[in-house]
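**Q** The following block contains the structure, expressed as structure tokens.
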Amino acid sequence: MFIDETTIEVKAGNGGNGCFAYLREKYRPKGGPSGGSGGKGGSIFLQASHHLRTLQDLQYHRHYKADSGQGGKGGNKDGKNAPDITVLVPLGTVVHDAESGDIMFDALDEKDIFCAAKGGKGGRGNAALKTRINPLPDHAEKGKEGQQRRLRLVLKVLADVGLVGRPNAGKSTFLSRVSSARPKVADYPFTTTQPYLGIVRCGDYRSFVMADIPGLIEGSHLGKGLGIRFLKHIERTRVLAVLVPADSPDPEAEAKLLLDELSAYSPLLTRKPVLFILSKSDLVPEGTPPSLPAGWCAMSAVLGDGVDAIVWKLTRMIDEQSPGDDGVAEIS
Ligand SMILES: Nc1nc2c(ncn2[C@@H]2O[C@H](COP(=O)(O)OP(=O)(O)OP(=O)(O)O)[C@@H](O)[C@H]2O)c(=O)[nH]1
Ligand SMILES: [Mg+2]
């Protein structure tokens, strides 16, 4: 199942208490403070992983609790630190504080790691509290409490190109043609019910990631069809490819309808560069007057006509975008 939103609770371990003890030996009844310090509570980290595609695992495992640090002991024995816990999240996961809504972490790279709840510090035992002025401390410290948080996790897949079109426009067929992704293709609307990503090779050395999402219809932003919640998966793309089938009665009006739905979700989406594609060009019988609007490209993903040119064009459009143009920082 493709799960792209969930809430989890994380509770770090408390610090262990410091120990209050005095060394007792036969001829040294008060041989000096000897209480060890408490160990640190375990922290909870979130780390991005490309092995995960959805938040499904976290949907079924929502509570994470790290152990507390061990208490200090007499004889100057410090308590052990509790182990940290690392929770893996898919690349592209945005982590919000569930209470304030603030973004705390954006898992954009596998090296990215975030401390979601910090383990409490161990309390110092009376041995560690000893100073020259106070050689016989009369207490030991308590361990500090570990942090606790509720986190809202929202996965927004990371792709360079987002495919937009009505159901049946041929989006999945196009992705299957140019990548090894195999989303289901069928001649009924809403065949695709979750995002698919494919790596598209362009020449020998270039490649980009293309995202196929469920189709949009008029009123998607009002919840019609599958709604617009999947549009979060094209928020971070650099370029959009809008597909309108060649048998559409008015391709330009259909493209405008799609852009209106994008804009109702977020006006920032319509600021992205768009390549307008007339798909299923083989459906137009030869000899009919050209119906390609100015600036559009045409392709038949089934026959392969025009597909390579479109892949090159998309690559060029991605290259023209500077790294900051993907909306990562702008849309939350
Ligand atoms: N003749 C022709 N048919 C096509 C072409 N591309 C796709 N189709 C057909 O159009 C139908 C819909 O294709 P899909 O790729 O599933 O369309 P989609 O846009 O992914 O549809 P949803 O997932 O429902 O949004 C299928 O029957 C395809 O075989 C094309 O270039 N030419
Ligand atoms: Mg599809």
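To be explicit about the labels: the chains of the structure tokens are called A, B, and onward in the order shown, and within each one the residues are counted from 1, while ligands get numbers from 1 in the order they are shown.
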Using only C-alpha atoms, which residues sit within 7 Å of Pro83 in chain A once same-chain residues fewer than 2 positions away are excluded, as a tab-separated table (two decimals) with C-alpha atoms, in the first residue's frame?
**A**
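Saved the output as selection27.tsv:
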chain	number	residue	atom	x	y	z
A	42	GLY	CA	18.91	6.97	24.21
A	81	ASN	CA	24.46	5.19	28.18
A	85	ILE	CA	17.35	4.37	17.94
**Q** Step by step, measure atom-to-atom distances between ligand 1 and each residue using only C-alpha atoms and all ligand atoms, keep those at most 8 Å, then write them as a PyMOL selection string.
**A** chain A and resi 165-174+183-193+212-216+243+279-283+299-304
**Q** Taking into account only C-alpha atoms, which residue in the set A:Gln70, A:Ser34, A:Thr93, A:Ser266 is nearest to Lys121 in chain A?
**A**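 Nearest to Lys121 in chain A: A:Gln70.
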**Q** Based on the backbone DSSP call, show me all residues of range 102-314 of chain A assigned strand (DSSP E or B), as JSON, numbers by chain.
**A** {"A": [103, 104, 105, 106, 113, 114, 115, 116, 117, 148, 149, 150, 151, 152, 153, 154, 155, 161, 162, 163, 164, 165, 196, 197, 198, 199, 200, 201, 202, 206, 207, 208, 209, 210, 211, 212, 239, 240, 241, 242, 243, 244, 245, 274, 275, 276, 277, 278, 279, 297, 298]}
**Q** Output C-alpha atoms for every residue in the selection just made, as a short mmCIF file (atom, residue, chain, number, x, y, z; two decimals), in the first residue's frame.
**A**
data_model
loop_
_atom_site.label_atom_id
_atom_site.label_comp_id
_atom_site.auth_asym_id
_atom_site.auth_seq_id
_atom_site.Cartn_x
_atom_site.Cartn_y
_atom_site.Cartn_z
CA ILE A 103 8.94 21.86 9.42
CA MET A 104 11.74 20.26 11.39
CA PHE A 105 13.45 18.09 8.80
CA ASP A 106 13.40 17.44 5.09
CA ILE A 113 19.96 12.55 9.74
CA PHE A 114 17.82 14.36 12.28
CA CYS A 115 17.64 14.07 16.04
CA ALA A 116 13.89 13.84 16.62
CA ALA A 117 14.13 13.42 20.40
CA GLN A 148 9.13 13.64 23.64
CA ARG A 149 7.42 14.71 20.42
CA ARG A 150 4.59 13.96 18.05
CA LEU A 151 5.73 14.21 14.46
CA ARG A 152 3.68 14.47 11.29
CA LEU A 153 5.48 12.78 8.40
CA VAL A 154 4.55 13.72 4.84
CA LEU A 155 6.25 11.99 1.94
CA VAL A 161 9.64 15.84 -14.05
CA GLY A 162 6.00 15.46 -13.03
CA LEU A 163 3.44 14.05 -15.46
CA VAL A 164 0.07 15.78 -15.42
CA GLY A 165 -2.98 14.85 -17.46
CA TYR A 196 5.28 5.86 -9.74
CA LEU A 197 8.84 6.95 -10.31
CA GLY A 198 11.00 5.99 -13.26
CA ILE A 199 14.57 6.83 -14.20
CA VAL A 200 14.64 8.13 -17.76
CA ARG A 201 17.94 7.77 -19.62
CA CYS A 202 18.83 10.43 -22.12
CA ARG A 206 22.24 11.79 -18.66
CA SER A 207 19.19 10.69 -16.74
CA PHE A 208 16.33 12.20 -14.80
CA VAL A 209 13.53 10.96 -12.57
CA MET A 210 9.98 11.23 -13.83
CA ALA A 211 6.89 10.88 -11.61
CA ASP A 212 3.57 9.52 -12.86
CA VAL A 239 9.51 20.69 -14.73
CA LEU A 240 5.96 19.59 -15.51
CA ALA A 241 4.88 17.64 -18.59
CA VAL A 242 1.20 18.20 -19.36
CA LEU A 243 -0.27 15.47 -21.57
CA VAL A 244 -3.41 15.96 -23.64
CA PRO A 245 -4.49 13.19 -26.03
CA VAL A 274 5.67 23.28 -18.52
CA LEU A 275 6.11 21.17 -21.62
CA PHE A 276 2.76 20.71 -23.36
CA ILE A 277 2.55 17.35 -25.09
CA LEU A 278 -0.11 16.12 -27.50
CA SER A 279 -0.12 12.40 -26.72
CA CYS A 297 5.23 18.69 -28.95
CA ALA A 298 3.50 15.58 -30.22
#
**Q** If you run DSSP on this backbone, which residues of range 166-199 of chain A come out as helix (DSSP H, G or I), and could you give them as number ranges by chain?
**A** A: 171-178
**Q** Of the candidates A:Ser68, A:Ser220, A:Ser176, A:Ser248, which one gets nearest to ligand 2 if we count only C-alpha atoms and all ligand atoms?
**A**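 Looking only at the distances to ligand 2, the closest residue turns out to be A:Ser176.
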**Q** Pick out the closest residue to Gly119 in chain A from this set: A:Val94, A:Ala264, A:Ala66, A:Leu175. Count only C-alpha atoms.
**A**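 Looking only at the distances to Gly119 in chain A, the closest residue turns out to be A:Ala66.
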**Q** Just want the 8 Å neighbourhood of Gly18 in chain A, counted on only C-alpha atoms, with same-chain residues fewer than 6 positions away dropped. Output as a list in words.
**A** Gly35, Gly36, Ser37, Gly38, Gly71, Gly72, Lys73, Gly122, Gly123, Arg124, Gly125, Asn126, Ala140, Glu141, Lys142 and Gly143 of chain A
**Q** With only C-alpha atoms and all ligand atoms as the basis for distance, which of A:Gln147, A:Gln56, A:Pro195, A:Gly227 is at the shortest distance from ligand 2?
**A**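 Ranking A:Gln147, A:Gln56, A:Pro195, A:Gly227 by distance to ligand 2, first place goes to A:Pro195.
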